[in-house]
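Notes follow once the structure below has been shown.
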Amino acid sequence: MENSDLQFLLDTLNKDIQFFKSQLKEVALEMLDGGYTKYPVFAAHQHTLQLGELLFDKEEFGRNWSIHATTVEELMEKGLVATANEKQFKEAFKDPKVYMCVLMITPGNAHFAFVAY
């Protein structure tokens with residue numbers, strides 16, 4: 001993937017995240033307060049994804065990205081985060097009450113980013 005393609009994807013994803021920002025924060029807080037996880041993750045994709053729970057379908061909302069709620073624990077169960085990297089990943093995880101963890105999934109690639117609410 002060329003830098004210009006990646007930049008375009010990041011720009012469209014950022015617009016969609018900003019559009020859903022308050023709802024994403026609410027979901028993260030519910031996951032934390034309910035004891036479901038200490039590590040909420042929002043997986044953003046443009047294709048079919050079997051991960052977590054669908055929050056926002058891009059077609060339904062007229063957006064570029066669909067967003068699922070998942071957890072670091074599920075990502076490890078599915079092999080998307082190596083068990084050997086669990087400690088390092090959790091140490092790098094930013095305060096989920098201040099930052100959302102976004103996993104951008106594209107064909108052949110996945111990138112994590114932390115975005116302030």
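Please note that chains go A, B, ... in the order of the structure tokens, that every chain numbers its residues from 1, and that ligands are numbered from 1 in the order shown.
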**Message:** Please list as a PyMOL selection string every residue within 12 Å of region 79-93 of chain A, counting only C-alpha atoms and excluding residues in the same chain fewer than 4 positions away.
**Reply:** chain A and resi 37-41+43+51+70-75+97-103+105+109-115
**Request:** With a distance cut-off of 12 Å and only C-alpha atoms, select the neighbouring residues of Lys58 (chain A), excluding the residue or stretch itself and same-chain residues fewer than 2 positions from it, and output the selection as a PyMOL selection string.
**Result:** chain A and resi 12-13+16-17+19-20+44-48+54-56+60-68
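Restricting the calculation to only C-alpha atoms, the smallest distance between Ala69 (chain A) and any of A:Gly35, A:Gln18, A:Gln7, A:Gly52 is found for A:Gly52.
Note that the spacing between CA of Gln50 (chain A) and CA of Gln23 (chain A) amounts to 21.2 Å.
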**Message:** To test your reading of the structure, identify every residue in chain A that backbone DSSP assigns to strand (DSSP E or B), and report it as a ChimeraX atom specification.
**Reply:** /A:40-45,53-56,66-71,99-106,109-116
**Sel. of helix (DSSP H, G or I) residues, chain A, as a VMD selection string** = chain A and resid 3 to 33 58 to 61 72 to 77 83 to 92
**Request:** Rounded to one decimal place, report the CA of Glu77 (chain A)-CA of Gly34 (chain A) distance in Å.
**Result:** 20.6 Å
